file target-v4.pdb (PDB, C-alpha atoms)
MODEL        1
ATOM      1  CA  MET A   1       0.000   0.000   0.000
ATOM      2  CA  LEU A   2       2.764   2.411   1.009
ATOM      3  CA  SER A   3       4.884   1.504  -1.990
ATOM      4  CA  HIS A   4       1.929   2.193  -4.228
ATOM      5  CA  TYR A   5       1.426   5.662  -2.701
ATOM      6  CA  ILE A   6       5.125   6.579  -3.052
ATOM      7  CA  SER A   7       4.956   5.831  -6.752
ATOM      8  CA  THR A   8       1.963   8.109  -7.386
ATOM      9  CA  PRO A   9       2.379  11.426  -9.266
ATOM     10  CA  MET A  10       0.900  13.323  -6.279
ATOM     11  CA  PHE A  11       3.633  12.083  -3.896
ATOM     12  CA  LYS A  12       6.385  12.870  -6.389
ATOM     13  CA  GLN A  13       5.003  16.401  -6.748
ATOM     14  CA  PHE A  14       4.996  16.731  -2.934
ATOM     15  CA  ILE A  15       8.664  15.718  -2.819
ATOM     16  CA  ARG A  16       9.606  18.270  -5.492
ATOM     17  CA  ILE A  17       7.804  21.094  -3.670
ATOM     18  CA  THR A  18       9.324  20.139  -0.305
ATOM     19  CA  SER A  19      12.836  19.980  -1.763
ATOM     20  CA  SER A  20      12.397  23.411  -3.322
ATOM     21  CA  LEU A  21      11.226  24.882  -0.016
ATOM     22  CA  LEU A  22      14.147  23.372   1.873
ATOM     23  CA  ALA A  23      16.608  24.751  -0.696
ATOM     24  CA  ALA A  24      15.041  28.190  -0.448
ATOM     25  CA  CYS A  25      15.322  28.092   3.322
ATOM     26  CA  ALA A  26      18.965  27.120   3.094
ATOM     27  CA  ILE A  27      19.673  30.057   0.817
ATOM     28  CA  ALA A  28      17.777  32.450   3.070
ATOM     29  CA  ILE A  29      19.886  31.573   6.133
ATOM     30  CA  PRO A  30      23.306  33.183   5.542
ATOM     31  CA  ALA A  31      26.522  32.038   7.146
ATOM     32  CA  ALA A  32      27.660  33.989  10.192
ATOM     33  CA  ALA A  33      29.025  37.349   9.051
ATOM     34  CA  ALA A  34      32.683  38.161   9.636
ATOM     35  CA  PRO A  35      33.298  40.772  12.332
ATOM     36  CA  LYS A  36      33.511  44.386  11.209
ATOM     37  CA  VAL A  37      37.159  45.273  11.783
ATOM     38  CA  VAL A  38      38.401  48.842  11.343
ATOM     39  CA  THR A  39      42.101  49.797  11.225
ATOM     40  CA  ASP A  40      44.062  53.033  10.948
ATOM     41  CA  ILE A  41      47.205  52.886   8.754
ATOM     42  CA  PRO A  42      48.253  50.549   5.905
ATOM     43  CA  ALA A  43      50.631  48.438   8.026
ATOM     44  CA  VAL A  44      47.980  47.705  10.655
ATOM     45  CA  HIS A  45      45.436  46.966   7.934
ATOM     46  CA  ALA A  46      47.921  44.477   6.458
ATOM     47  CA  LEU A  47      48.419  42.696   9.785
ATOM     48  CA  ALA A  48      44.661  42.459  10.359
ATOM     49  CA  ALA A  49      44.161  41.230   6.779
ATOM     50  CA  LYS A  50      46.634  38.409   7.426
ATOM     51  CA  ALA A  51      44.854  37.309  10.572
ATOM     52  CA  MET A  52      41.465  37.425   8.807
ATOM     53  CA  GLU A  53      42.430  35.460   5.677
ATOM     54  CA  GLY A  54      39.583  33.117   4.749
ATOM     55  CA  VAL A  55      37.138  34.837   7.095
ATOM     56  CA  GLY A  56      36.737  38.447   5.990
ATOM     57  CA  ALA A  57      38.544  41.691   5.276
ATOM     58  CA  PRO A  58      39.257  44.695   7.517
ATOM     59  CA  VAL A  59      38.489  48.318   6.639
ATOM     60  CA  ARG A  60      41.211  50.989   6.618
ATOM     61  CA  LEU A  61      40.169  54.462   7.731
ATOM     62  CA  LEU A  62      43.033  56.537   6.320
ATOM     63  CA  PRO A  63      43.070  56.956   2.522
ATOM     64  CA  PRO A  64      46.338  56.998   0.544
ATOM     65  CA  GLY A  65      48.414  60.097   1.179
ATOM     66  CA  ALA A  66      46.706  61.096   4.444
ATOM     67  CA  SER A  67      48.903  61.904   7.427
ATOM     68  CA  PRO A  68      48.106  59.770  10.482
ATOM     69  CA  HIS A  69      49.196  62.641  12.745
ATOM     70  CA  GLY A  70      46.159  64.708  11.755
ATOM     71  CA  TYR A  71      43.111  63.774   9.681
ATOM     72  CA  HIS A  72      39.423  64.668   9.331
ATOM     73  CA  MET A  73      37.314  61.620   8.524
ATOM     74  CA  ARG A  74      34.813  61.592   5.698
ATOM     75  CA  PRO A  75      31.205  60.583   6.512
ATOM     76  CA  SER A  76      31.713  57.064   5.102
ATOM     77  CA  GLU A  77      34.782  56.570   7.314
ATOM     78  CA  ALA A  78      32.963  57.855  10.385
ATOM     79  CA  LEU A  79      30.129  55.423   9.651
ATOM     80  CA  ALA A  80      32.571  52.514   9.368
ATOM     81  CA  LEU A  81      34.040  53.432  12.747
ATOM     82  CA  ALA A  82      30.575  53.769  14.302
ATOM     83  CA  GLU A  83      29.572  50.295  13.082
ATOM     84  CA  ALA A  84      32.849  48.536  13.892
ATOM     85  CA  ASP A  85      32.919  45.437  16.090
ATOM     86  CA  ILE A  86      36.544  46.247  16.943
ATOM     87  CA  LEU A  87      39.099  48.961  16.228
ATOM     88  CA  ILE A  88      42.702  47.818  15.690
ATOM     89  CA  TRP A  89      45.133  50.733  15.629
ATOM     90  CA  ILE A  90      48.576  51.898  16.726
ATOM     91  CA  GLY A  91      47.114  54.009  19.513
ATOM     92  CA  PRO A  92      46.466  57.628  20.476
ATOM     93  CA  GLU A  93      50.191  58.385  20.376
ATOM     94  CA  LEU A  94      50.019  58.275  16.554
ATOM     95  CA  THR A  95      46.408  59.309  15.902
ATOM     96  CA  PRO A  96      44.995  61.422  18.763
ATOM     97  CA  TRP A  97      42.120  62.486  16.505
ATOM     98  CA  LEU A  98      41.054  58.836  16.163
ATOM     99  CA  ASP A  99      41.018  58.416  19.925
ATOM    100  CA  ARG A 100      38.555  61.284  20.202
ATOM    101  CA  ALA A 101      36.437  59.942  17.327
ATOM    102  CA  ARG A 102      36.151  56.397  18.679
ATOM    103  CA  ARG A 103      35.095  57.667  22.106
ATOM    104  CA  LYS A 104      32.399  59.776  20.487
ATOM    105  CA  LEU A 105      31.160  57.369  17.802
ATOM    106  CA  ASN A 106      31.673  53.871  19.202
ATOM    107  CA  ALA A 107      32.917  53.928  22.778
ATOM    108  CA  LYS A 108      31.515  50.465  23.602
ATOM    109  CA  ALA A 109      33.349  48.569  20.854
ATOM    110  CA  PRO A 110      36.595  46.792  21.805
ATOM    111  CA  SER A 111      39.787  48.638  20.942
ATOM    112  CA  LEU A 112      43.198  47.017  20.431
ATOM    113  CA  ALA A 113      45.921  49.679  20.669
ATOM    114  CA  LEU A 114      49.012  47.876  19.408
ATOM    115  CA  LEU A 115      51.503  50.093  21.227
ATOM    116  CA  GLY A 116      49.992  48.760  24.439
ATOM    117  CA  VAL A 117      50.421  45.066  23.576
ATOM    118  CA  PRO A 118      52.642  43.436  26.241
ATOM    119  CA  GLY A 119      56.180  42.855  25.021
ATOM    120  CA  THR A 120      56.057  45.569  22.355
ATOM    121  CA  THR A 121      59.392  47.334  21.859
ATOM    122  CA  ARG A 122      58.847  51.029  22.566
ATOM    123  CA  HIS A 123      61.269  53.922  22.098
ATOM    124  CA  GLU A 124      61.149  57.457  23.378
ATOM    125  CA  ALA A 125      60.505  60.154  20.781
ATOM    126  CA  ARG A 126      63.696  62.038  19.907
ATOM    127  CA  GLU A 127      63.807  65.817  19.715
ATOM    128  CA  GLU A 128      67.419  66.527  18.771
ATOM    129  CA  ALA A 129      68.398  67.249  15.174
ATOM    130  CA  VAL A 130      71.546  65.117  15.439
ATOM    131  CA  PHE A 131      70.781  62.012  17.446
ATOM    132  CA  THR A 132      72.514  61.333  20.748
ATOM    133  CA  ALA A 133      74.376  58.300  19.430
ATOM    134  CA  HIS A 134      76.220  60.583  16.996
ATOM    135  CA  ALA A 135      76.394  63.689  19.142
ATOM    136  CA  ASP A 136      78.366  61.966  21.935
ATOM    137  CA  GLY A 137      80.058  59.240  19.901
ATOM    138  CA  GLY A 138      78.219  56.428  21.662
ATOM    139  CA  HIS A 139      74.845  54.706  21.787
ATOM    140  CA  ASP A 140      72.038  55.643  24.131
ATOM    141  CA  HIS A 141      70.734  52.588  25.965
ATOM    142  CA  GLY A 142      69.381  54.400  29.035
ATOM    143  CA  HIS A 143      65.882  54.401  30.454
ATOM    144  CA  HIS A 144      63.446  56.826  28.839
ATOM    145  CA  HIS A 145      60.467  58.514  30.408
ATOM    146  CA  GLY A 146      59.380  60.942  27.672
ATOM    147  CA  PRO A 147      56.679  60.650  24.998
ATOM    148  CA  VAL A 148      56.654  57.409  23.019
ATOM    149  CA  ASP A 149      57.729  57.368  19.380
ATOM    150  CA  PRO A 150      54.624  55.776  17.762
ATOM    151  CA  HIS A 151      56.269  54.421  14.569
ATOM    152  CA  ALA A 152      56.672  50.965  16.121
ATOM    153  CA  TRP A 153      55.342  49.037  13.107
ATOM    154  CA  LEU A 154      58.729  49.490  11.408
ATOM    155  CA  ASP A 155      60.186  46.819  13.720
ATOM    156  CA  PRO A 156      59.194  43.421  12.269
ATOM    157  CA  VAL A 157      59.532  41.854  15.729
ATOM    158  CA  ASN A 158      56.739  44.145  16.884
ATOM    159  CA  GLY A 159      54.735  43.191  13.794
ATOM    160  CA  ALA A 160      55.109  39.496  14.593
ATOM    161  CA  ARG A 161      54.044  40.038  18.199
ATOM    162  CA  TRP A 162      51.060  42.113  17.119
ATOM    163  CA  LEU A 163      49.810  39.366  14.789
ATOM    164  CA  GLY A 164      49.289  37.115  17.803
ATOM    165  CA  ALA A 165      47.536  39.881  19.719
ATOM    166  CA  ILE A 166      45.246  40.595  16.763
ATOM    167  CA  ALA A 167      44.366  36.903  16.445
ATOM    168  CA  ARG A 168      43.464  36.720  20.127
ATOM    169  CA  ALA A 169      41.365  39.888  19.961
ATOM    170  CA  LEU A 170      39.462  38.638  16.900
ATOM    171  CA  GLY A 171      38.966  35.219  18.484
ATOM    172  CA  SER A 172      37.400  36.826  21.537
ATOM    173  CA  ILE A 173      34.659  38.461  19.453
ATOM    174  CA  ASP A 174      34.387  35.642  16.896
ATOM    175  CA  PRO A 175      35.103  32.329  18.696
ATOM    176  CA  ALA A 176      33.887  30.245  15.742
ATOM    177  CA  ASN A 177      36.901  31.388  13.694
ATOM    178  CA  ALA A 178      39.470  31.616  16.503
ATOM    179  CA  GLY A 179      41.454  28.684  15.130
ATOM    180  CA  THR A 180      41.721  30.285  11.712
ATOM    181  CA  TYR A 181      42.911  33.585  13.170
ATOM    182  CA  THR A 182      45.567  31.809  15.239
ATOM    183  CA  ALA A 183      46.834  29.733  12.309
ATOM    184  CA  ASN A 184      46.974  32.770  10.015
ATOM    185  CA  ALA A 185      48.886  34.775  12.597
ATOM    186  CA  ALA A 186      51.419  31.972  13.082
ATOM    187  CA  ALA A 187      52.031  31.807   9.321
ATOM    188  CA  GLY A 188      52.551  35.578   9.173
ATOM    189  CA  GLU A 189      54.945  35.496  12.122
ATOM    190  CA  ALA A 190      57.066  32.856  10.380
ATOM    191  CA  GLU A 191      57.294  35.057   7.270
ATOM    192  CA  LEU A 192      58.414  38.041   9.321
ATOM    193  CA  TRP A 193      61.178  36.113  11.093
ATOM    194  CA  VAL A 194      62.566  35.048   7.722
ATOM    195  CA  LEU A 195      62.359  38.638   6.460
ATOM    196  CA  LYS A 196      64.134  39.942   9.559
ATOM    197  CA  GLU A 197      67.111  37.685   8.960
ATOM    198  CA  ALA A 198      67.231  38.587   5.263
ATOM    199  CA  LEU A 199      67.231  42.326   6.056
ATOM    200  CA  ASN A 200      69.953  41.829   8.653
ATOM    201  CA  ALA A 201      72.179  40.340   5.982
ATOM    202  CA  GLU A 202      71.252  42.941   3.349
ATOM    203  CA  LEU A 203      72.013  45.911   5.603
ATOM    204  CA  ALA A 204      75.224  44.576   7.145
ATOM    205  CA  PRO A 205      77.531  46.202   4.519
ATOM    206  CA  VAL A 206      76.141  49.705   5.175
ATOM    207  CA  ARG A 207      75.633  49.405   8.919
ATOM    208  CA  ASN A 208      78.107  52.159   9.824
ATOM    209  CA  GLN A 209      77.207  54.634   7.075
ATOM    210  CA  PRO A 210      75.463  57.750   8.493
ATOM    211  CA  TYR A 211      72.485  59.296   6.735
ATOM    212  CA  VAL A 212      69.680  61.814   7.360
ATOM    213  CA  VAL A 213      65.922  61.212   7.202
ATOM    214  CA  LEU A 214      63.248  63.777   6.442
ATOM    215  CA  HIS A 215      61.145  63.026   9.518
ATOM    216  CA  ASP A 216      62.077  61.033  12.595
ATOM    217  CA  GLY A 217      59.839  58.068  11.828
ATOM    218  CA  PHE A 218      62.404  55.292  11.363
ATOM    219  CA  GLN A 219      63.893  54.814  14.824
ATOM    220  CA  TYR A 220      62.452  51.297  15.214
ATOM    221  CA  PHE A 221      63.907  50.133  11.905
ATOM    222  CA  GLU A 222      67.262  51.700  12.789
ATOM    223  CA  ASP A 223      67.385  50.038  16.186
ATOM    224  CA  ARG A 224      66.312  46.599  14.993
ATOM    225  CA  PHE A 225      68.888  46.476  12.205
ATOM    226  CA  ARG A 226      71.609  48.542  13.951
ATOM    227  CA  ILE A 227      71.959  51.134  11.221
ATOM    228  CA  SER A 228      73.293  54.651  11.774
ATOM    229  CA  ALA A 229      70.889  57.497  11.133
ATOM    230  CA  LEU A 230      72.659  60.787  11.847
ATOM    231  CA  GLY A 231      69.525  62.852  12.407
ATOM    232  CA  ALA A 232      66.155  64.021  11.109
ATOM    233  CA  ILE A 233      64.998  67.225   9.443
ATOM    234  CA  ARG A 234      61.517  67.062  10.985
ATOM    235  CA  LEU A 235      60.413  65.789  14.391
ATOM    236  CA  SER A 236      58.618  62.452  14.760
ATOM    237  CA  ASP A 237      55.223  64.197  14.574
ATOM    238  CA  GLY A 238      56.168  65.767  11.227
ATOM    239  CA  ALA A 239      56.528  69.314  12.607
ATOM    240  CA  ALA A 240      58.463  71.695  10.357
ATOM    241  CA  PRO A 241      62.110  72.337  11.324
ATOM    242  CA  SER A 242      63.469  75.595  12.706
ATOM    243  CA  PRO A 243      66.432  77.399  11.049
ATOM    244  CA  ARG A 244      68.541  76.403  14.059
ATOM    245  CA  ARG A 245      67.711  72.733  13.552
ATOM    246  CA  LEU A 246      68.683  72.914   9.879
ATOM    247  CA  ALA A 247      71.966  74.628  10.728
ATOM    248  CA  THR A 248      72.758  71.893  13.263
ATOM    249  CA  LEU A 249      72.078  69.238  10.656
ATOM    250  CA  ARG A 250      74.328  70.934   8.087
ATOM    251  CA  ARG A 251      77.200  70.881  10.569
ATOM    252  CA  GLY A 252      76.461  67.248  11.427
ATOM    253  CA  ILE A 253      76.388  66.170   7.783
ATOM    254  CA  LYS A 254      79.723  67.851   7.109
ATOM    255  CA  ALA A 255      81.381  66.423  10.224
ATOM    256  CA  SER A 256      80.107  62.863   9.769
ATOM    257  CA  GLY A 257      80.478  62.520   6.022
ATOM    258  CA  ALA A 258      76.844  61.400   5.699
ATOM    259  CA  ARG A 259      76.251  60.010   2.218
ATOM    260  CA  CYS A 260      72.463  60.201   1.846
ATOM    261  CA  ILE A 261      69.473  62.310   2.746
ATOM    262  CA  PHE A 262      66.147  60.528   2.436
ATOM    263  CA  ARG A 263      62.920  62.296   1.554
ATOM    264  CA  GLU A 264      59.375  60.911   1.819
ATOM    265  CA  PRO A 265      56.569  60.783  -0.780
ATOM    266  CA  GLN A 266      54.149  62.595   1.554
ATOM    267  CA  TYR A 267      56.322  65.718   1.929
ATOM    268  CA  SER A 268      57.933  68.244  -0.381
ATOM    269  CA  SER A 269      61.465  67.305  -1.404
ATOM    270  CA  ALA A 270      62.710  70.881  -1.047
ATOM    271  CA  LEU A 271      64.128  70.498   2.474
ATOM    272  CA  ALA A 272      66.037  67.325   1.632
ATOM    273  CA  ALA A 273      67.369  68.834  -1.591
ATOM    274  CA  GLY A 274      68.428  71.995   0.233
ATOM    275  CA  LEU A 275      70.636  70.038   2.636
ATOM    276  CA  ALA A 276      72.161  67.756   0.031
ATOM    277  CA  GLY A 277      75.532  68.926  -1.273
ATOM    278  CA  PRO A 278      77.561  67.696  -4.242
ATOM    279  CA  ASP A 279      78.767  64.651  -2.296
ATOM    280  CA  VAL A 280      75.407  63.770  -0.699
ATOM    281  CA  ARG A 281      72.818  61.763  -2.588
ATOM    282  CA  THR A 282      69.064  61.811  -2.015
ATOM    283  CA  GLY A 283      66.868  58.739  -1.726
ATOM    284  CA  VAL A 284      63.291  57.889  -0.763
ATOM    285  CA  LEU A 285      62.019  56.174   2.388
ATOM    286  CA  ASP A 286      58.276  55.680   2.825
ATOM    287  CA  PRO A 287      57.260  54.644   6.372
ATOM    288  CA  LEU A 288      53.614  54.081   5.414
ATOM    289  CA  GLY A 289      53.576  52.311   2.050
ATOM    290  CA  TRP A 290      50.801  54.359   0.498
ATOM    291  CA  ASP A 291      51.688  53.316  -3.044
ATOM    292  CA  LEU A 292      51.653  49.591  -2.225
ATOM    293  CA  GLU A 293      48.698  47.302  -2.855
ATOM    294  CA  ALA A 294      46.549  46.848   0.249
ATOM    295  CA  GLY A 295      46.587  43.469   1.952
ATOM    296  CA  TRP A 296      49.003  41.317   3.897
ATOM    297  CA  SER A 297      51.825  41.623   1.353
ATOM    298  CA  LEU A 298      52.010  45.378   1.957
ATOM    299  CA  TYR A 299      53.682  44.938   5.353
ATOM    300  CA  PRO A 300      56.676  42.752   4.415
ATOM    301  CA  THR A 301      57.029  44.687   1.138
ATOM    302  CA  LEU A 302      57.146  47.975   3.065
ATOM    303  CA  LEU A 303      59.960  46.706   5.287
ATOM    304  CA  GLN A 304      61.848  45.215   2.364
ATOM    305  CA  GLN A 305      61.630  48.492   0.421
ATOM    306  CA  LEU A 306      63.099  50.407   3.359
ATOM    307  CA  GLY A 307      66.038  48.038   3.516
ATOM    308  CA  THR A 308      66.654  48.014  -0.232
ATOM    309  CA  ASN A 309      66.403  51.796  -0.624
ATOM    310  CA  LEU A 310      68.775  52.373   2.289
ATOM    311  CA  ARG A 311      71.349  49.930   0.946
ATOM    312  CA  GLN A 312      71.229  51.242  -2.619
ATOM    313  CA  CYS A 313      71.745  54.865  -1.594
ATOM    314  CA  LEU A 314      74.445  54.166   1.013
ATOM    315  CA  GLU A 315      76.547  51.687  -0.958
TER     316      GLU A 315
ENDMDL
END
call {"tool": "encode", "arguments": {"input": "target-v4.pdb", "output": "structure tokens"}}
result
Amino acid sequence: MLSHYISTPMFKQFIRITSSLLAACAIAIPAAAAPKVVTDIPAVHALAAKAMEGVGAPVRLLPPGASPHGYHMRPSEALALAEADILIWIGPELTPWLDRARRKLNAKAPSLALLGVPGTTRHEAREEAVFTAHADGGHDHGHHHGPVDPHAWLDPVNGARWLGAIARALGSIDPANAGTYTANAAAGEAELWVLKEALNAELAPVRNQPYVVLHDGFQYFEDRFRISALGAIRLSDGAAPSPRRLATLRRGIKASGARCIFREPQYSSALAAGLAGPDVRTGVLDPLGWDLEAGWSLYPTLLQQLGTNLRQCLE
């Protein structure tokens, strides 16, 4: 009796309708959405992108060419911050305007300030035109209690440590994908350790060659790879130099025999060109990587470009 009913056209039609309804229901129930992750600068966006591979993609607030030291968000960027499940950023030391905005727009969302991650290497911001290591003939390894230099992403050891912190922060708001975040971070860390050793070898031949940078944003790279920046034209916050500062740098360049002055894409090249004499070359160092393609590859490429550009100008 039952076998006869199953073979009837009416039952077959019932099965077709039921299957269609079940398929429609399956389509209507989406998979869990990836968390809305907002970042500040390209390097932090790259680190978050690595941790989120296979799950989603973070949003970067600062557009190409914008200075992190001061920026007015567009409405679309403010909306992204207001809707974020988490903000991953360097911290208020680099972007005080973002600290004010997050408190106003999305104070309840978690915030991971990478400068505050335990174990992060932190350096004091320098104010002198010619750095202490060159001014007194030695290296300054004392304890510092002044403002923090926020350009800590230029140390790949910090970047590797931050990947783990980002994975843990994402796992806390998205436990279903915690394993993926952890595995992605571990893979990124391994890449950065290999890159660190490669840059050590690449920079060894020019380790004792002094040079000048346009703005004091490279201290972490200098310290990690033990290279000898003589001084900086601008302060670490990008403030314009005084005539006295420029005069001090001219004397330092002449006394040290510095070979290169490095400008940056974000600033006019006039100051660097004005200090460069017939025996001093100019090069380019970009601490942000604005012209690089967004995504994980931006971060190791940024560090590699710094090393290559330094070596080529100083050799």
call {"tool": "closest_atom_pairs", "arguments": {"input": "target-v4.pdb", "of": "segment 139-195 of chain A", "to": "segment 80-89 of chain A", "cutoff": "9 Å", "atoms": "all atoms listed in the file", "output": "JSON lines"}}
result
{"residue": "A:Ile166", "atom": "CA", "partner": "A:Ile88", "partner_atom": "CA", "distance": 7.7}
{"residue": "A:Ala169", "atom": "CA", "partner": "A:Ile86", "partner_atom": "CA", "distance": 8.5}
{"residue": "A:Leu170", "atom": "CA", "partner": "A:Ile86", "partner_atom": "CA", "distance": 8.1}
{"residue": "A:Ile173", "atom": "CA", "partner": "A:Asp85", "partner_atom": "CA", "distance": 7.9}
call {"tool": "closest_atom_pairs", "arguments": {"input": "target-v4.pdb", "of": "segment 236-286 of chain A", "to": "segment 56-73 of chain A", "cutoff": "12 Å", "atoms": "only C-alpha atoms", "output": "JSON lines"}}
result
{"residue": "A:Ser236", "atom": "CA", "partner": "A:His69", "partner_atom": "CA", "distance": 9.6}
{"residue": "A:Asp237", "atom": "CA", "partner": "A:His69", "partner_atom": "CA", "distance": 6.5}
{"residue": "A:Gly238", "atom": "CA", "partner": "A:His69", "partner_atom": "CA", "distance": 7.8}
{"residue": "A:Ala239", "atom": "CA", "partner": "A:His69", "partner_atom": "CA", "distance": 9.9}
{"residue": "A:Glu264", "atom": "CA", "partner": "A:Gly65", "partner_atom": "CA", "distance": 11.0}
{"residue": "A:Pro265", "atom": "CA", "partner": "A:Gly65", "partner_atom": "CA", "distance": 8.4}
{"residue": "A:Gln266", "atom": "CA", "partner": "A:Gly65", "partner_atom": "CA", "distance": 6.3}
{"residue": "A:Tyr267", "atom": "CA", "partner": "A:Gly65", "partner_atom": "CA", "distance": 9.7}
{"residue": "A:Asp286", "atom": "CA", "partner": "A:Gly65", "partner_atom": "CA", "distance": 10.9}
call {"tool": "axis_aligned_box", "arguments": {"input": "target-v4.pdb", "around": "segment 253-257 of chain A", "padding_each_side": "8 Å", "output": "AutoDock Vina command-line options"}}
result
--center_x 78.9 --center_y 65.2 --center_z 8.1 --size_x 21.0 --size_y 21.3 --size_z 20.2
call {"tool": "resolve_selection", "arguments": {"input": "target-v4.pdb", "expression": "the PyMOL selection byres ((chain A and resi 93-98) around 6)", "output": "JSON, numbers by chain"}}
result
{"A": [68, 69, 91, 92, 99, 100, 101, 150]}
call {"tool": "closest_residue", "arguments": {"input": "target-v4.pdb", "among": "A:Lys254, A:Arg126, A:Lys108, A:Arg102", "to": "Tyr220 of chain A", "atoms": "only C-alpha atoms"}}
result
A:Arg126
call {"tool": "closest_residue", "arguments": {"input": "target-v4.pdb", "among": "A:Ala152, A:Leu249, A:Val117, A:Leu195", "to": "Leu288 of chain A", "atoms": "only C-alpha atoms"}}
result
A:Ala152
call {"tool": "atom_distance", "arguments": {"input": "target-v4.pdb", "atom1": "atom CA of Pro205 of chain A", "atom2": "atom CA of Gln305 of chain A"}}
result
16.6 Å
call {"tool": "residues_around", "arguments": {"input": "target-v4.pdb", "residues": "Gly54 of chain A", "least_positions_apart": "6", "cutoff": "10 Å", "atoms": "all atoms listed in the file", "output": "list in words"}}
result
Ala34, Asn177, Thr180, Tyr181 and Asn184 of chain A
call {"tool": "closest_residue", "arguments": {"input": "target-v4.pdb", "among": "A:Arg74, A:Ala107, A:Asp155, A:Gln209", "to": "Ser256 of chain A", "atoms": "only C-alpha atoms"}}
result
A:Gln209
call {"tool": "atom_distance", "arguments": {"input": "target-v4.pdb", "atom1": "atom CA of Val157 of chain A", "atom2": "atom CA of Ala294 of chain A"}}
result
20.8 Å
call {"tool": "resolve_selection", "arguments": {"input": "target-v4.pdb", "expression": "the PyMOL selection byres ((chain A and resi 306) around 12)", "output": "JSON, numbers by chain"}}
result
{"A": [154, 155, 156, 199, 202, 203, 213, 217, 218, 220, 221, 222, 225, 227, 262, 264, 283, 284, 285, 286, 287, 288, 289, 299, 300, 301, 302, 303, 304, 305, 307, 308, 309, 310, 311, 312, 313]}
call {"tool": "atom_distance", "arguments": {"input": "target-v4.pdb", "atom1": "atom CA of Val55 of chain A", "atom2": "atom CA of Ala190 of chain A"}}
result
20.3 Å
call {"tool": "closest_residue", "arguments": {"input": "target-v4.pdb", "among": "A:Ala186, A:Ala258, A:Pro147, A:Thr121", "to": "Arg224 of chain A", "atoms": "all atoms listed in the file"}}
result
A:Thr121
call {"tool": "closest_residue", "arguments": {"input": "target-v4.pdb", "among": "A:Leu192, A:Ala78, A:Ala185, A:Ala43", "to": "Arg103 of chain A", "atoms": "all atoms listed in the file"}}
result
A:Ala78
call {"tool": "build_atoms", "arguments": {"input": "target-v4.pdb", "residues": "segment 295-305 of chain A", "atoms": "N, CA, C and O atoms", "output": "CSV table (one decimal), in the coordinates of the input"}}
result
chain,number,residue,atom,x,y,z
A,295,GLY,N,46.6,44.9,1.6
A,295,GLY,CA,46.6,43.5,2.0
A,295,GLY,C,47.8,43.1,2.7
A,295,GLY,O,48.7,43.9,3.0
A,296,TRP,N,47.9,41.8,3.1
A,296,TRP,CA,49.0,41.3,3.9
A,296,TRP,C,50.4,41.6,3.3
A,296,TRP,O,51.3,42.0,4.0
A,297,SER,N,50.5,41.5,2.0
A,297,SER,CA,51.8,41.6,1.4
A,297,SER,C,52.4,43.0,1.5
A,297,SER,O,53.6,43.2,1.4
A,298,LEU,N,51.5,44.0,1.8
A,298,LEU,CA,52.0,45.4,2.0
A,298,LEU,C,53.0,45.5,3.1
A,298,LEU,O,54.0,46.2,2.9
A,299,TYR,N,52.8,44.8,4.2
A,299,TYR,CA,53.7,44.9,5.4
A,299,TYR,C,55.1,44.4,5.1
A,299,TYR,O,56.1,45.2,5.3
A,300,PRO,N,55.3,43.2,4.7
A,300,PRO,CA,56.7,42.8,4.4
A,300,PRO,C,57.3,43.5,3.2
A,300,PRO,O,58.5,43.8,3.2
A,301,THR,N,56.5,43.9,2.3
A,301,THR,CA,57.0,44.7,1.1
A,301,THR,C,57.5,46.1,1.6
A,301,THR,O,58.6,46.6,1.2
A,302,LEU,N,56.8,46.7,2.5
A,302,LEU,CA,57.1,48.0,3.1
A,302,LEU,C,58.5,47.9,3.7
A,302,LEU,O,59.4,48.7,3.5
A,303,LEU,N,58.7,46.9,4.6
A,303,LEU,CA,60.0,46.7,5.3
A,303,LEU,C,61.1,46.4,4.3
A,303,LEU,O,62.2,46.9,4.5
A,304,GLN,N,60.8,45.6,3.3
A,304,GLN,CA,61.8,45.2,2.4
A,304,GLN,C,62.3,46.4,1.6
A,304,GLN,O,63.5,46.6,1.3
A,305,GLN,N,61.3,47.3,1.2
A,305,GLN,CA,61.6,48.5,0.4
A,305,GLN,C,62.5,49.4,1.2
A,305,GLN,O,63.4,50.0,0.7
